[in-house]
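Have a look at run-v5.cif; it's mmCIF, C-alpha atoms:
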data_entry
#
loop_
_atom_site.label_atom_id
_atom_site.label_comp_id
_atom_site.auth_asym_id
_atom_site.auth_seq_id
_atom_site.Cartn_x
_atom_site.Cartn_y
_atom_site.Cartn_z
CA MET A 2 0.00 0.00 0.00
CA LYS A 3 2.77 2.39 0.89
CA LYS A 4 4.60 1.71 -2.34
CA VAL A 5 1.46 2.24 -4.39
CA PHE A 6 0.92 5.49 -2.54
CA ARG A 7 4.31 6.85 -3.41
CA ASN A 8 4.22 5.75 -7.02
CA HIS A 9 0.82 7.21 -7.65
CA LEU A 10 0.83 10.35 -5.61
CA VAL A 11 3.94 12.04 -6.90
CA PRO A 12 3.06 12.29 -10.64
CA LYS A 13 -0.57 12.95 -9.81
CA VAL A 14 0.22 15.76 -7.44
CA SER A 15 2.62 17.38 -9.85
CA VAL A 16 -0.03 17.31 -12.58
CA ILE A 17 -2.62 18.81 -10.24
CA VAL A 18 -0.25 21.47 -8.97
CA GLY A 19 0.78 22.32 -12.53
CA LEU A 20 -2.80 22.73 -13.70
CA CYS A 21 -3.67 24.80 -10.67
CA SER A 22 -0.76 27.16 -11.11
CA LEU A 23 -1.91 27.77 -14.69
CA LEU A 24 -5.28 28.72 -13.29
CA TYR A 25 -3.82 31.06 -10.69
CA PHE A 26 -1.76 32.95 -13.16
CA ALA A 27 -4.80 33.39 -15.35
CA LEU A 28 -6.70 34.97 -12.48
CA TYR A 29 -4.22 36.53 -10.11
CA PRO A 30 -3.87 38.83 -8.31
CA ARG A 31 -7.41 39.31 -7.40
CA ASP A 32 -8.54 40.42 -4.00
CA ALA A 33 -11.32 38.22 -2.99
CA TYR A 34 -12.93 36.73 -0.02
CA ALA A 35 -13.81 33.13 0.28
CA MET A 36 -15.80 32.34 3.32
CA HIS A 37 -19.20 31.04 4.19
CA ILE A 38 -22.24 33.08 3.27
CA MET A 39 -22.44 35.94 5.74
CA GLU A 40 -25.36 36.87 7.94
CA GLY A 41 -28.06 38.73 6.05
CA MET A 42 -26.57 38.03 2.63
CA LEU A 43 -29.42 35.75 1.61
CA PRO A 44 -33.04 36.89 1.36
CA PRO A 45 -35.36 35.31 3.95
CA LYS A 46 -37.12 32.98 1.53
CA TRP A 47 -33.80 31.49 0.46
CA CYS A 48 -32.77 31.06 4.09
CA ILE A 49 -35.94 29.08 4.72
CA PHE A 50 -35.43 27.09 1.52
CA TRP A 51 -31.92 25.99 2.51
CA PHE A 52 -33.00 25.17 6.04
CA ALA A 53 -35.74 22.96 4.62
CA VAL A 54 -33.28 21.24 2.28
CA SER A 55 -30.68 20.65 5.00
CA ALA A 56 -33.01 19.48 7.77
CA PRO A 57 -33.59 15.91 6.49
CA PHE A 58 -29.84 15.36 6.13
CA PHE A 59 -29.29 16.62 9.67
CA ILE A 60 -31.87 14.18 11.00
CA TYR A 61 -30.31 11.36 8.99
CA GLY A 62 -26.95 12.42 10.47
CA LEU A 63 -28.32 12.20 14.01
CA TYR A 64 -29.61 8.71 13.26
CA ARG A 65 -26.23 7.64 11.86
CA MET A 66 -24.42 9.17 14.80
CA LYS A 67 -26.58 7.34 17.31
CA LYS A 68 -25.77 4.07 15.52
CA ILE A 69 -22.06 4.79 15.78
CA VAL A 70 -22.22 5.78 19.44
CA ILE A 71 -24.02 2.57 20.46
CA SER A 72 -22.00 0.36 18.11
CA THR A 73 -19.36 -1.93 19.55
CA THR A 74 -16.74 -0.98 16.98
CA GLN A 75 -13.52 -0.39 18.84
CA ASN A 76 -12.73 3.29 19.36
CA ALA A 77 -15.79 4.41 17.37
CA LYS A 78 -16.66 7.22 19.77
CA ILE A 79 -13.07 8.36 20.11
CA MET A 80 -12.69 8.50 16.37
CA LEU A 81 -15.91 10.48 16.11
CA ALA A 82 -14.46 13.02 18.53
CA LEU A 83 -11.23 13.10 16.54
CA CYS A 84 -13.08 13.74 13.28
CA GLY A 85 -15.05 16.54 14.89
CA ALA A 86 -11.90 18.07 16.34
CA PHE A 87 -10.25 17.87 12.94
CA VAL A 88 -13.05 19.94 11.42
CA PHE A 89 -12.66 22.38 14.32
CA VAL A 90 -8.98 22.87 13.67
CA LEU A 91 -9.12 23.08 9.91
CA SER A 92 -12.01 25.52 9.77
CA SER A 93 -10.15 27.84 12.13
CA LEU A 94 -7.12 28.01 9.84
CA LYS A 95 -7.46 30.88 7.46
CA LEU A 96 -4.77 30.12 4.94
CA PRO A 97 -3.33 32.35 2.23
CA SER A 98 -3.96 31.30 -1.31
CA VAL A 99 -2.09 32.02 -4.50
CA THR A 100 -4.90 34.31 -5.62
CA GLY A 101 -3.80 36.79 -2.96
CA SER A 102 -6.67 36.21 -0.60
CA CYS A 103 -7.41 33.98 2.33
CA SER A 104 -9.84 31.19 2.91
CA HIS A 105 -10.13 28.20 5.15
CA PRO A 106 -10.40 24.47 4.55
CA THR A 107 -13.39 22.50 5.80
CA GLY A 108 -11.88 19.29 7.17
CA VAL A 109 -14.90 17.11 6.48
CA GLY A 110 -13.05 14.54 4.38
CA LEU A 111 -11.64 12.51 7.27
CA GLY A 112 -14.96 11.88 8.99
CA THR A 113 -16.66 11.23 5.69
CA ALA A 114 -14.27 8.46 4.74
CA MET A 115 -14.45 6.91 8.22
CA PHE A 116 -18.13 7.16 9.03
CA GLY A 117 -19.90 7.95 5.77
CA PRO A 118 -21.40 11.25 4.69
CA GLY A 119 -24.29 11.47 7.17
CA VAL A 120 -22.32 12.03 10.35
CA MET A 121 -20.57 15.12 9.12
CA SER A 122 -23.83 17.03 8.81
CA VAL A 123 -24.13 16.91 12.62
CA LEU A 124 -20.47 17.62 13.39
CA GLY A 125 -20.39 20.38 10.78
CA VAL A 126 -23.39 22.16 12.28
CA ILE A 127 -21.60 22.39 15.64
CA ILE A 128 -18.66 24.14 14.00
CA LEU A 129 -20.85 26.42 11.87
CA LEU A 130 -22.82 27.42 14.97
CA PHE A 131 -19.63 28.15 16.91
CA GLN A 132 -18.36 30.38 14.14
CA ALA A 133 -21.71 32.09 13.57
CA LEU A 134 -22.29 32.85 17.25
CA LEU A 135 -18.80 33.70 18.49
CA LEU A 136 -16.99 34.91 15.42
CA ALA A 137 -19.72 36.56 13.34
CA HIS A 138 -18.41 34.30 10.62
CA GLY A 139 -21.18 32.81 8.55
CA GLY A 140 -24.55 33.43 10.11
CA LEU A 141 -27.59 32.03 11.85
CA THR A 142 -30.01 32.83 9.04
CA THR A 143 -27.58 31.49 6.44
CA LEU A 144 -26.84 28.41 8.55
CA GLY A 145 -29.07 26.25 6.36
CA ALA A 146 -27.28 27.32 3.19
CA ASN A 147 -23.82 26.94 4.74
CA CYS A 148 -24.75 23.54 6.12
CA PHE A 149 -25.89 22.46 2.70
CA SER A 150 -22.57 23.36 1.08
CA MET A 151 -20.15 22.31 3.81
CA THR A 152 -21.82 19.43 5.61
CA ILE A 153 -24.00 17.89 2.92
CA VAL A 154 -22.64 18.48 -0.60
CA GLY A 155 -18.99 18.31 0.53
CA PRO A 156 -19.25 15.01 2.39
CA PHE A 157 -21.47 13.35 -0.22
CA VAL A 158 -19.13 14.36 -3.02
CA GLY A 159 -16.17 13.22 -0.92
CA TYR A 160 -17.81 9.90 -0.15
CA ALA A 161 -18.60 9.26 -3.82
CA THR A 162 -15.02 10.21 -4.69
CA TYR A 163 -13.65 7.82 -2.09
CA LYS A 164 -15.79 4.94 -3.34
CA ILE A 165 -14.87 5.62 -6.96
CA CYS A 166 -11.15 5.86 -6.16
CA ARG A 167 -11.27 2.60 -4.22
CA ALA A 168 -13.17 0.93 -7.07
CA LEU A 169 -10.37 2.10 -9.36
CA LYS A 170 -7.97 0.21 -7.08
CA LEU A 171 -6.26 3.34 -5.80
CA SER A 172 -4.68 3.01 -2.37
CA ARG A 173 -6.58 4.16 0.73
CA ALA A 174 -4.26 7.09 1.26
CA VAL A 175 -4.69 8.39 -2.30
CA SER A 176 -8.45 7.84 -2.16
CA LEU A 177 -8.64 9.69 1.14
CA PHE A 178 -6.60 12.53 -0.32
CA MET A 179 -8.94 12.84 -3.30
CA CYS A 180 -11.95 12.56 -1.00
CA ALA A 181 -10.76 15.44 1.20
CA VAL A 182 -9.75 17.63 -1.73
CA LEU A 183 -13.04 17.26 -3.56
CA ALA A 184 -15.16 17.52 -0.41
CA ASP A 185 -13.47 20.82 0.37
CA TRP A 186 -13.59 22.17 -3.16
CA SER A 187 -17.18 21.19 -3.89
CA THR A 188 -18.23 23.09 -0.76
CA TYR A 189 -17.03 26.34 -2.24
CA VAL A 190 -18.37 25.51 -5.70
CA THR A 191 -21.76 25.02 -4.06
CA THR A 192 -21.49 28.37 -2.29
CA SER A 193 -20.79 30.03 -5.64
CA PHE A 194 -23.94 28.53 -7.11
CA GLN A 195 -25.99 29.41 -4.03
CA LEU A 196 -24.98 33.06 -4.34
CA ALA A 197 -25.27 33.17 -8.13
CA VAL A 198 -28.86 31.94 -8.08
CA VAL A 199 -29.85 34.71 -5.69
CA PHE A 200 -27.68 37.45 -7.20
CA PRO A 201 -27.54 36.91 -10.96
CA ASP A 202 -25.20 39.07 -12.97
CA PRO A 203 -27.06 42.11 -14.37
CA ASN A 204 -25.69 41.48 -17.85
CA ASN A 205 -24.93 37.77 -18.04
CA GLY A 206 -27.59 36.34 -15.75
CA VAL A 207 -27.05 33.40 -13.43
CA GLY A 208 -24.38 31.86 -15.65
CA GLY A 209 -22.25 34.98 -15.57
CA ALA A 210 -22.65 35.26 -11.83
CA VAL A 211 -21.65 31.61 -11.34
CA ILE A 212 -18.41 32.25 -13.19
CA LYS A 213 -17.70 35.37 -11.13
CA PHE A 214 -18.40 33.71 -7.81
CA LEU A 215 -16.43 30.62 -8.85
CA GLY A 216 -13.55 32.97 -9.60
CA ILE A 217 -13.78 34.29 -6.04
CA TYR A 218 -14.45 31.07 -4.17
CA ALA A 219 -13.38 28.04 -6.11
CA VAL A 220 -10.07 29.24 -7.52
CA THR A 221 -8.80 30.48 -4.16
CA GLN A 222 -9.80 27.18 -2.68
CA ILE A 223 -7.80 24.90 -5.00
CA PRO A 224 -4.42 25.05 -3.19
CA LEU A 225 -6.15 25.01 0.19
CA ALA A 226 -8.11 21.92 -0.78
CA ILE A 227 -4.86 20.21 -1.73
CA ALA A 228 -3.29 21.24 1.58
CA GLU A 229 -6.32 19.87 3.37
CA GLY A 230 -5.94 16.59 1.48
CA PHE A 231 -2.35 16.25 2.73
CA LEU A 232 -3.30 17.11 6.31
CA THR A 233 -6.11 14.56 6.23
CA VAL A 234 -3.70 11.82 5.13
CA ILE A 235 -1.25 12.85 7.88
CA VAL A 236 -3.87 12.47 10.61
CA TYR A 237 -5.11 9.25 9.06
CA ASN A 238 -1.56 7.84 9.06
CA LEU A 239 -1.20 8.74 12.74
CA VAL A 240 -4.50 7.06 13.52
CA ILE A 241 -3.56 3.87 11.70
CA SER A 242 -0.01 3.60 12.96
CA ASN A 243 -1.20 3.95 16.56
CA ASN A 244 -3.77 1.15 16.20
CA LEU A 245 -6.68 3.49 16.84
CA TRP A 246 -8.54 2.30 13.80
CA LYS A 247 -8.19 -0.77 11.68
CA GLU A 248 -6.98 -0.04 8.20
CA ASN A 249 -9.48 -2.33 6.52
CA ALA A 250 -12.40 -0.69 8.33
CA LEU A 251 -12.13 2.16 5.87
CA GLY A 252 -13.50 0.13 2.96
CA MET B 18 5.24 2.41 10.72
CA LYS B 19 8.61 4.00 9.94
CA LYS B 20 7.53 4.46 6.34
CA LYS B 21 4.33 6.16 7.44
CA THR B 22 6.29 8.59 9.61
CA LYS B 23 8.49 9.46 6.67
CA GLN B 24 5.44 9.89 4.48
CA ASN B 25 3.95 12.25 7.05
CA TRP B 26 7.02 14.45 7.08
CA ILE B 27 6.93 14.69 3.31
CA LEU B 28 3.24 15.56 3.35
CA LEU B 29 3.80 18.18 6.03
CA LEU B 30 6.54 19.72 3.92
CA LEU B 31 4.16 19.85 0.95
CA VAL B 32 1.55 21.61 3.09
CA LEU B 33 4.13 24.19 4.16
CA ILE B 34 5.12 24.77 0.55
CA LEU B 35 1.49 25.27 -0.41
CA VAL B 36 1.00 27.79 2.39
CA ILE B 37 4.18 29.75 1.76
CA THR B 38 4.08 29.89 -2.06
CA PRO B 39 1.24 32.47 -2.20
CA PHE B 40 3.46 35.13 -0.65
CA PHE B 41 5.89 34.82 -3.53
CA VAL B 42 3.34 34.38 -6.30
CA ALA B 43 0.61 36.86 -5.40
CA LYS B 44 2.74 39.76 -4.27
CA GLY B 45 0.00 42.28 -5.11
CA GLY B 46 -2.64 40.46 -3.08
CA SER B 47 -3.86 41.88 0.18
CA PHE B 48 -4.54 38.43 1.72
CA SER B 49 -7.75 39.69 3.13
CA GLY B 50 -10.64 37.47 3.89
CA SER B 51 -12.80 40.48 4.13
CA ASP B 52 -16.52 40.15 4.15
CA ASP B 53 -16.77 43.63 2.68
CA GLU B 54 -15.36 42.41 -0.59
CA GLY B 55 -17.93 39.66 -0.83
CA THR B 56 -20.62 42.16 -0.08
CA ALA B 57 -19.16 44.31 -2.85
CA GLN B 58 -19.52 41.53 -5.40
CA ILE B 59 -23.11 40.94 -4.36
CA LYS B 60 -23.80 44.68 -4.42
CA LYS B 61 -22.36 44.83 -7.91
CA ASN B 62 -24.77 42.19 -9.11
CA ASP B 63 -27.79 43.56 -7.28
CA PRO B 64 -27.36 47.15 -6.09
CA SER B 65 -30.83 47.21 -4.57
CA TYR B 66 -30.17 44.38 -2.12
CA LYS B 67 -30.32 45.38 1.52
CA VAL B 68 -28.65 43.32 4.21
CA TRP B 69 -31.71 42.56 6.28
CA ILE B 70 -30.13 41.14 9.42
CA HIS B 71 -26.81 41.52 11.19
CA PRO B 72 -24.91 39.10 13.41
CA ILE B 73 -26.27 39.20 16.95
CA TRP B 74 -22.75 39.49 18.32
CA THR B 75 -19.57 40.56 16.59
CA PRO B 76 -16.12 40.29 18.17
CA PRO B 77 -15.33 43.81 19.40
CA SER B 78 -11.93 43.91 17.72
CA ALA B 79 -9.63 42.01 15.38
CA GLU B 80 -7.64 40.89 18.44
CA ILE B 81 -10.67 39.31 20.07
CA GLU B 82 -11.60 37.67 16.80
CA SER B 83 -8.16 36.14 16.39
CA LEU B 84 -8.32 35.06 20.03
CA LEU B 85 -11.54 33.19 19.38
CA PHE B 86 -10.18 31.63 16.21
CA THR B 87 -7.15 30.50 18.17
CA VAL B 88 -9.37 29.06 20.87
CA GLN B 89 -11.28 27.14 18.24
CA GLY B 90 -8.10 25.79 16.68
CA SER B 91 -6.40 24.91 19.92
CA LEU B 92 -9.47 23.14 21.30
CA GLY B 93 -9.45 20.90 18.26
CA THR B 94 -5.71 20.40 18.37
CA GLY B 95 -5.91 19.50 22.05
CA VAL B 96 -8.47 16.79 21.42
CA ILE B 97 -6.53 15.34 18.48
CA ALA B 98 -3.22 15.43 20.37
CA TYR B 99 -4.77 13.78 23.41
CA ILE B 100 -6.37 10.97 21.42
CA ILE B 101 -3.30 10.23 19.33
CA GLY B 102 -0.90 10.66 22.24
CA ASN B 103 -2.96 8.37 24.41
CA ALA B 104 -3.08 5.69 21.70
CA HIS B 105 0.64 6.06 21.12
CA GLY B 106 1.36 5.54 24.82
CA ARG B 107 -0.89 2.51 24.99
CA ARG B 108 0.78 0.96 21.97
CA LYS B 109 4.25 1.51 23.45
CA GLU B 110 3.17 0.03 26.78
CA ARG B 111 1.71 -3.03 25.09
CA GLN B 112 4.95 -3.55 23.18
CA ARG B 113 6.94 -3.21 26.39
CA GLN B 114 4.79 -5.75 28.18
CA GLN B 115 5.03 -8.18 25.31
CA GLN B 116 8.81 -7.86 25.30
CA ALA B 117 8.96 -8.34 29.06
CA GLN B 118 6.77 -11.40 28.81
CA ALA B 119 8.83 -12.87 25.99
CA LYS B 120 11.95 -12.28 28.06
CA ASN B 121 10.35 -13.93 31.10
CA ASN B 122 9.33 -16.92 29.04
CA SER B 123 12.79 -17.40 27.63
CA ASP B 124 14.31 -17.00 31.11
CA ASN B 125 11.95 -19.63 32.53
CA GLY B 126 12.74 -21.94 29.63
CA ARG B 127 16.36 -22.09 30.62
#
Since I need it in another form, could you write the structure as structure tokens?
Amino acid sequence: MKKVFRNHLVPKVSVIVGLCSLLYFALYPRDAYAMHIMEGMLPPKWCIFWFAVSAPFFIYGLYRMKKIVISTTQNAKIMLALCGAFVFVLSSLKLPSVTGSCSHPTGVGLGTAMFGPGVMSVLGVIILLFQALLLAHGGLTTLGANCFSMTIVGPFVGYATYKICRALKLSRAVSLFMCAVLADWSTYVTTSFQLAVVFPDPNNGVGGAVIKFLGIYAVTQIPLAIAEGFLTVIVYNLVISNNLWKENALG
Amino acid sequence: MKKKTKQNWILLLLVLILVITPFFVAKGGSFSGSDDEGTAQIKKNDPSYKVWIHPIWTPPSAEIESLLFTVQGSLGTGVIAYIIGNAHGRRKERQRQQQAQAKNNSDNGR
């Protein structure tokens, strides 16, 4: 597994990094912000819409979480705490990006690969609430929309990515890396769409607005998503090498 | 295990490179994460939009905000470090006991 990891990751990463740097140079330097949707930046009816969309996933997440807590799997609860803490740390790190602005990773990839996509919707809400209440970062009214992007779309995309990578016989570490990268990135792509639908471009409509918001959110996020992928694999390696979690439990 | 440790160091180095590169590439960037700029983009698309609600509590200053971000990060780090440190200690102890037992057995065999 370790050999496969090394052989695959190096050329893959260099290709990804190369492509990304092309993108940066096309778009830099552009001052931008890339955060969750701020308080009051969505009209009330959209807030209600996103709450309604996110609620079933949250309930499903609670159900999944209960199953994990009462399961007899060794260290299940400890690992749940670790995954939650990982999201806590990563979403507090505002990292600089090559576009000349800052953004933060989401950290949902680790928990997604370990426990499936449902659980992260509960853990993610805790973090989003913390940031909305104490840091005025994100918002209570936009919680539904932010949940949808970070704790629902991200994890589900990440989970699908993980399954596909494993089906393609990629190693667990590479699959986990791809899972974390795409979970992070798709979160910000979703945010771009969420904003573009509400605030279409005056000249180019929703499509034009999507491109603009993607320029702000998604491009900045590319290097950060890659960094998050590496960090996720680091923590995963520590977990495995200290016998906290069985390697084959990850599917 | 040794290989994994080495792998982790390489990965950590890559993360550092990713974080440091922006300062050399985007020299003109302000590295802001400002909400004002996001508001500006939205305002550009829809000048009539009014922010209809404001956060119920905003950190009184940038210092307090960074304090709270640090608290958030260090809480998470603490939990992760405890869990991994604890597991590491347990694994070491188990190894030690196994070695001691093996030694005992071979001593008794003599």
For the interface of chain B with chain A (cut-off 7 Å, counting all atoms listed in the file), please tabulate each contacting residue of chain B alongside its nearest pair of atoms and their separation in Å to one decimal, rows sorted by chain and increasing number, as a Markdown table.
| residue | atom | partner | partner_atom | distance |
| --- | --- | --- | --- | --- |
| B:Met18 | CA | A:Ser242 | CA | 5.8 |
| B:Lys21 | CA | A:Asn238 | CA | 6.3 |
| B:Asn25 | CA | A:Ile235 | CA | 5.3 |
| B:Leu28 | CA | A:Phe231 | CA | 5.7 |
| B:Val32 | CA | A:Ala228 | CA | 5.1 |
| B:Leu35 | CA | A:Pro224 | CA | 6.5 |
| B:Val36 | CA | A:Pro97 | CA | 6.3 |
| B:Thr38 | CA | A:Val99 | CA | 7.0 |
| B:Pro39 | CA | A:Val99 | CA | 4.1 |
| B:Val42 | CA | A:Val99 | CA | 6.2 |
| B:Ala43 | CA | A:Gly101 | CA | 5.0 |
| B:Gly45 | CA | A:Pro30 | CA | 6.1 |
| B:Gly46 | CA | A:Gly101 | CA | 3.9 |
| B:Ser47 | CA | A:Gly101 | CA | 6.0 |
| B:Phe48 | CA | A:Ser102 | CA | 3.9 |
| B:Ser49 | CA | A:Ser102 | CA | 5.2 |
| B:Gly50 | CA | A:Tyr34 | CA | 4.6 |
| B:Ser51 | CA | A:Tyr34 | CA | 5.6 |
| B:Asp52 | CA | A:Tyr34 | CA | 6.5 |
| B:Glu54 | CA | A:Tyr34 | CA | 6.2 |
| B:Gly55 | CA | A:Tyr34 | CA | 5.9 |
| B:Ile59 | CA | A:Phe200 | CA | 6.4 |
| B:Asn62 | CA | A:Asp202 | CA | 5.0 |
| B:Asp63 | CA | A:Phe200 | CA | 6.1 |
| B:Val68 | CA | A:Gly41 | CA | 5.0 |
| B:Trp69 | CA | A:Gly41 | CA | 5.3 |
| B:Ile70 | CA | A:Gly41 | CA | 4.6 |
| B:His71 | CA | A:Glu40 | CA | 5.9 |
| B:Pro72 | CA | A:Ala137 | CA | 5.8 |
| B:Trp74 | CA | A:Ala137 | CA | 6.5 |
| B:Thr75 | CA | A:Ala137 | CA | 5.2 |
| B:Pro76 | CA | A:Leu136 | CA | 6.1 |
| B:Glu82 | CA | A:Leu136 | CA | 6.2 |
| B:Leu85 | CA | A:Leu136 | CA | 7.0 |
| B:Phe86 | CA | A:Ser93 | CA | 5.6 |
| B:Gln89 | CA | A:Ser93 | CA | 6.3 |
| B:Gly90 | CA | A:Val90 | CA | 4.3 |
| B:Gly93 | CA | A:Ala86 | CA | 4.2 |
| B:Thr94 | CA | A:Val90 | CA | 6.2 |
| B:Val96 | CA | A:Ala86 | CA | 6.3 |
| B:Ile97 | CA | A:Leu83 | CA | 5.6 |
| B:Ile101 | CA | A:Val240 | CA | 6.7 |
| B:Ala104 | CA | A:Asn243 | CA | 5.7 |
| B:His105 | CA | A:Asn243 | CA | 5.4 |
| B:Arg108 | CA | A:Asn243 | CA | 6.5 |
>> Ranking B:Ile34, B:Arg113, B:Gln58, B:Gln24 by minimum distance to Leu215 in chain A and counting all atoms listed in the file, which one comes first?
In response: B:Gln58
Mind working out the centre and edge lengths of an axis-aligned box for range 36-43 of chain A, all listed atoms inside, 6 Å added to each side, rounded to one decimal in Å and written as JSON?
{"center_x": -22.6, "center_y": 34.9, "center_z": 4.8, "size_x": 25.6, "size_y": 19.7, "size_z": 18.3}
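Pairwise distance (CA of Ile60 in chain A, CA of Arg173 in chain A) equals 29.1 Å.
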>> Using Å and a single decimal, report how far CA of Pro156 in chain A sits from CA of Gly110 in chain A.
In response: 6.5 Å
>> Give me the residues near Ile49 in chain A as a PyMOL selection string, where near means some atom within 12 Å (using all atoms listed in the file) and where sequence neighbours in that chain fewer than 2 positions away do not count.
In response: chain A and resi 43-47+51-56+141-146
The PyMOL selection byres ((chain A and resi 184-187) around 10) - which residues does that actually catch in the file I just gave you? List them as a tab-separated table (two decimals) with C-alpha atoms, keeping the file's coordinate frame.
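And here is the file that came out, selection-v1.tsv:
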chain	number	residue	atom	x	y	z
A	105	HIS	CA	-10.13	28.20	5.15
A	106	PRO	CA	-10.40	24.47	4.55
A	107	THR	CA	-13.39	22.50	5.80
A	108	GLY	CA	-11.88	19.29	7.17
A	109	VAL	CA	-14.90	17.11	6.48
A	110	GLY	CA	-13.05	14.54	4.38
A	111	LEU	CA	-11.64	12.51	7.27
A	113	THR	CA	-16.66	11.23	5.69
A	150	SER	CA	-22.57	23.36	1.08
A	151	MET	CA	-20.15	22.31	3.81
A	152	THR	CA	-21.82	19.43	5.61
A	153	ILE	CA	-24.00	17.89	2.92
A	154	VAL	CA	-22.64	18.48	-0.60
A	155	GLY	CA	-18.99	18.31	0.53
A	156	PRO	CA	-19.25	15.01	2.39
A	157	PHE	CA	-21.47	13.35	-0.22
A	158	VAL	CA	-19.13	14.36	-3.02
A	159	GLY	CA	-16.17	13.22	-0.92
A	160	TYR	CA	-17.81	9.90	-0.15
A	161	ALA	CA	-18.60	9.26	-3.82
A	162	THR	CA	-15.02	10.21	-4.69
A	163	TYR	CA	-13.65	7.82	-2.09
A	178	PHE	CA	-6.60	12.53	-0.32
A	179	MET	CA	-8.94	12.84	-3.30
A	180	CYS	CA	-11.95	12.56	-1.00
A	181	ALA	CA	-10.76	15.44	1.20
A	182	VAL	CA	-9.75	17.63	-1.73
A	183	LEU	CA	-13.04	17.26	-3.56
A	188	THR	CA	-18.23	23.09	-0.76
A	189	TYR	CA	-17.03	26.34	-2.24
A	190	VAL	CA	-18.37	25.51	-5.70
A	191	THR	CA	-21.76	25.02	-4.06
A	192	THR	CA	-21.49	28.37	-2.29
A	193	SER	CA	-20.79	30.03	-5.64
A	218	TYR	CA	-14.45	31.07	-4.17
A	219	ALA	CA	-13.38	28.04	-6.11
A	220	VAL	CA	-10.07	29.24	-7.52
A	221	THR	CA	-8.80	30.48	-4.16
A	222	GLN	CA	-9.80	27.18	-2.68
A	223	ILE	CA	-7.80	24.90	-5.00
A	224	PRO	CA	-4.42	25.05	-3.19
A	225	LEU	CA	-6.15	25.01	0.19
A	226	ALA	CA	-8.11	21.92	-0.78
A	227	ILE	CA	-4.86	20.21	-1.73
A	229	GLU	CA	-6.32	19.87	3.37
A	230	GLY	CA	-5.94	16.59	1.48
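Going from CA of Val175 in chain A to CA of Val120 in chain A covers 22.0 Å.
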